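Notes follow the structure.
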Amino acid sequence: MRRALILTVGLVFNAFAIAETAPADQTPTLETIPVWQPEGGEAIRFEVLRKGKPFGTHFLNFEMDEAGDLTVVNDIDLTVKIGPITAYKYRHDSVETWRDGRLISLEGQTRKEGDDLAVEARMDGKALQIDGTNYSGSLSPDIIPSSHWNITQIFSDAILSSEGGQVLDIVVEDLGSDSVLVAGQEISATKFLLKSDLDVYLWYDEEGRWLKCAFSARGQDIEYVLENLY
């Protein structure tokens, strides 16, 4: 499988919503949250920090073919070293392909704490056929992979694991307006809490672009810092 998040609503590429933020105690809707439309050649590049220190990177690259299919390549590399010894290693590569706002294929490989995980997904008729380490079977074509770049995940109650292919139940809370520092510039954003096996804080700007991610794992704070606004 070729390399490529690890986000039940289809991607709405042409939806541009009213620039208002839903109240913190209400579920956000497409009428109150904008949806970012990626273009070929764009990239999202995060430096990942662990306890405030460099931990690795998460890069996403977007390409559009002549037929209009969108390819999203995810590349995550996280490493903790103690001297010459590697104490922790996480490696994830996946490729998503989207057509007309729906996921039509996904290939992912993950090396996680010494375990190997994989998933393949292909559109077959009206269903997405999954062959993964943790799940094999059919899913709705509206499900979104867990790669977080796609803001429409916040309208879902489940996402597809890009690691092992299982369905992850989620609950999303809108935490209201916030700001994120990107390359020395304060960017207005909306902050969300995505609750699942791992609780993740996510920030998106007024255009629906993914700006930041933060979570705790093994009692350690992990933070994604966007290198440049795309």
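Residue names in the structure tokens use chain letters A, B, ... in the order shown, residue numbers from 1 in each chain, and ligand numbers from 1 in the order shown.
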Inset, instruction - Identify all residues of region 7-218 of chain A in helix (DSSP H, G or I) (DSSP on the backbone) and supply them as a ChimeraX atom specification. - result: /A:151-155
For the selection you just gave me, I'd like the residues written to a file as a PDB file, in the first residue's frame, keeping C-alpha atoms.
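The resulting file, selection-v2.pdb, is shown below:
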```
ATOM      1  CA  ILE A 151     -14.209  19.564   9.504  1.00  0.00           C
ATOM      2  CA  THR A 152     -17.419  17.734   8.594  1.00  0.00           C
ATOM      3  CA  GLN A 153     -16.363  15.057  11.101  1.00  0.00           C
ATOM      4  CA  ILE A 154     -17.795  17.287  13.808  1.00  0.00           C
ATOM      5  CA  PHE A 155     -21.317  16.608  12.493  1.00  0.00           C
TER       6      PHE A 155
END
```
Legend entry - DSSP-assigned strand (DSSP E or B) among region 86-230 of chain A, expressed as a ChimeraX atom specification: /A:86-99,102-112,115-124,127-132,136-139,145,158-160,167-169,171-182,185-195,200-205,210-217,220-226
Legend entry - Selection near Leu139 (chain A), 9 Å with only C-alpha atoms, sequence-local residues under 3 positions removed, as a count of residues only: 7
Inset, instruction - Measuring atom to atom with only C-alpha atoms, identify which of A:Thr71, A:Ser94, A:Thr57, A:Ser156 is nearest to Gly40 (chain A). - result: A:Thr71
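Atom pair CA of His148 (chain A) / CA of Trp210 (chain A): separated by 7.5 Å.
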Inset, instruction - Please provide as a PyMOL selection string all residues within 12 Å of Ala67 (chain A), with the sequence filter that same-chain residues fewer than 4 positions apart are discarded (counting only C-alpha atoms). - result: chain A and resi 63+71+98-100
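Between Asn228 (chain A) and the residues A:Phe46, A:Tyr90, A:Trp36, A:Tyr135, the shortest atom-to-atom distance, using only C-alpha atoms, involves A:Phe46.
Taking only C-alpha atoms into account, Gly184 (chain A) lies nearest to A:Leu229 out of the set A:Ile159, A:Ile82, A:Leu202, A:Leu229.
Nearest to Gly165 (chain A) of all the residues A:Ile85, A:Leu60, A:Leu117, A:Val48 is A:Leu117, based on only C-alpha atoms.
CA of Val200 (chain A) sits 6.9 Å away from CA of Cys213 (chain A).
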Legend entry - Nearest residue to Leu194 (chain A) from the set A:Leu211, A:Ala158, A:Leu226, A:Val182 (distances using only C-alpha atoms): A:Ala158
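CA of Asn150 (chain A) is positioned 23.7 Å from CA of Gly125 (chain A).
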Inset, instruction - May I have the residues within 10 Å of Glu113 (chain A) as number ranges by chain, using only C-alpha atoms and disregarding those fewer than 6 positions away in the same chain? - result: A: 87-91
Residue selection dump (N, CA and C atoms) as an mmCIF file, in the first residue's frame:
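Result file is part.cif:
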```
data_model
loop_
_atom_site.group_PDB
_atom_site.id
_atom_site.type_symbol
_atom_site.label_atom_id
_atom_site.label_comp_id
_atom_site.auth_asym_id
_atom_site.auth_seq_id
_atom_site.Cartn_x
_atom_site.Cartn_y
_atom_site.Cartn_z
ATOM 1 N N ALA A 87 12.675 4.849 22.512
ATOM 2 C CA ALA A 87 11.757 4.437 23.566
ATOM 3 C C ALA A 87 10.314 4.340 23.077
ATOM 4 N N TYR A 88 9.991 5.094 22.035
ATOM 5 C CA TYR A 88 8.623 5.077 21.494
ATOM 6 C C TYR A 88 8.698 5.425 20.019
ATOM 7 N N LYS A 89 7.892 4.711 19.219
ATOM 8 C CA LYS A 89 7.845 4.976 17.787
ATOM 9 C C LYS A 89 6.426 4.812 17.276
ATOM 10 N N TYR A 90 5.956 5.826 16.556
ATOM 11 C CA TYR A 90 4.655 5.757 15.889
ATOM 12 C C TYR A 90 4.852 6.214 14.456
ATOM 13 N N ARG A 91 4.406 5.384 13.523
ATOM 14 C CA ARG A 91 4.518 5.721 12.111
ATOM 15 C C ARG A 91 3.209 5.396 11.424
#
```
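Shortest separation to Asp69 (chain A) among A:Pro34, A:Ser179, A:Ser105, A:His92 occurs at residue A:Ser105, atoms counted being only C-alpha atoms.
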Legend entry - Near-Val119 (chain A) list (6 Å; only C-alpha atoms; drop same-chain fewer than 4 positions) as a PyMOL selection string: chain A and resi 107-108+131-132+164-165
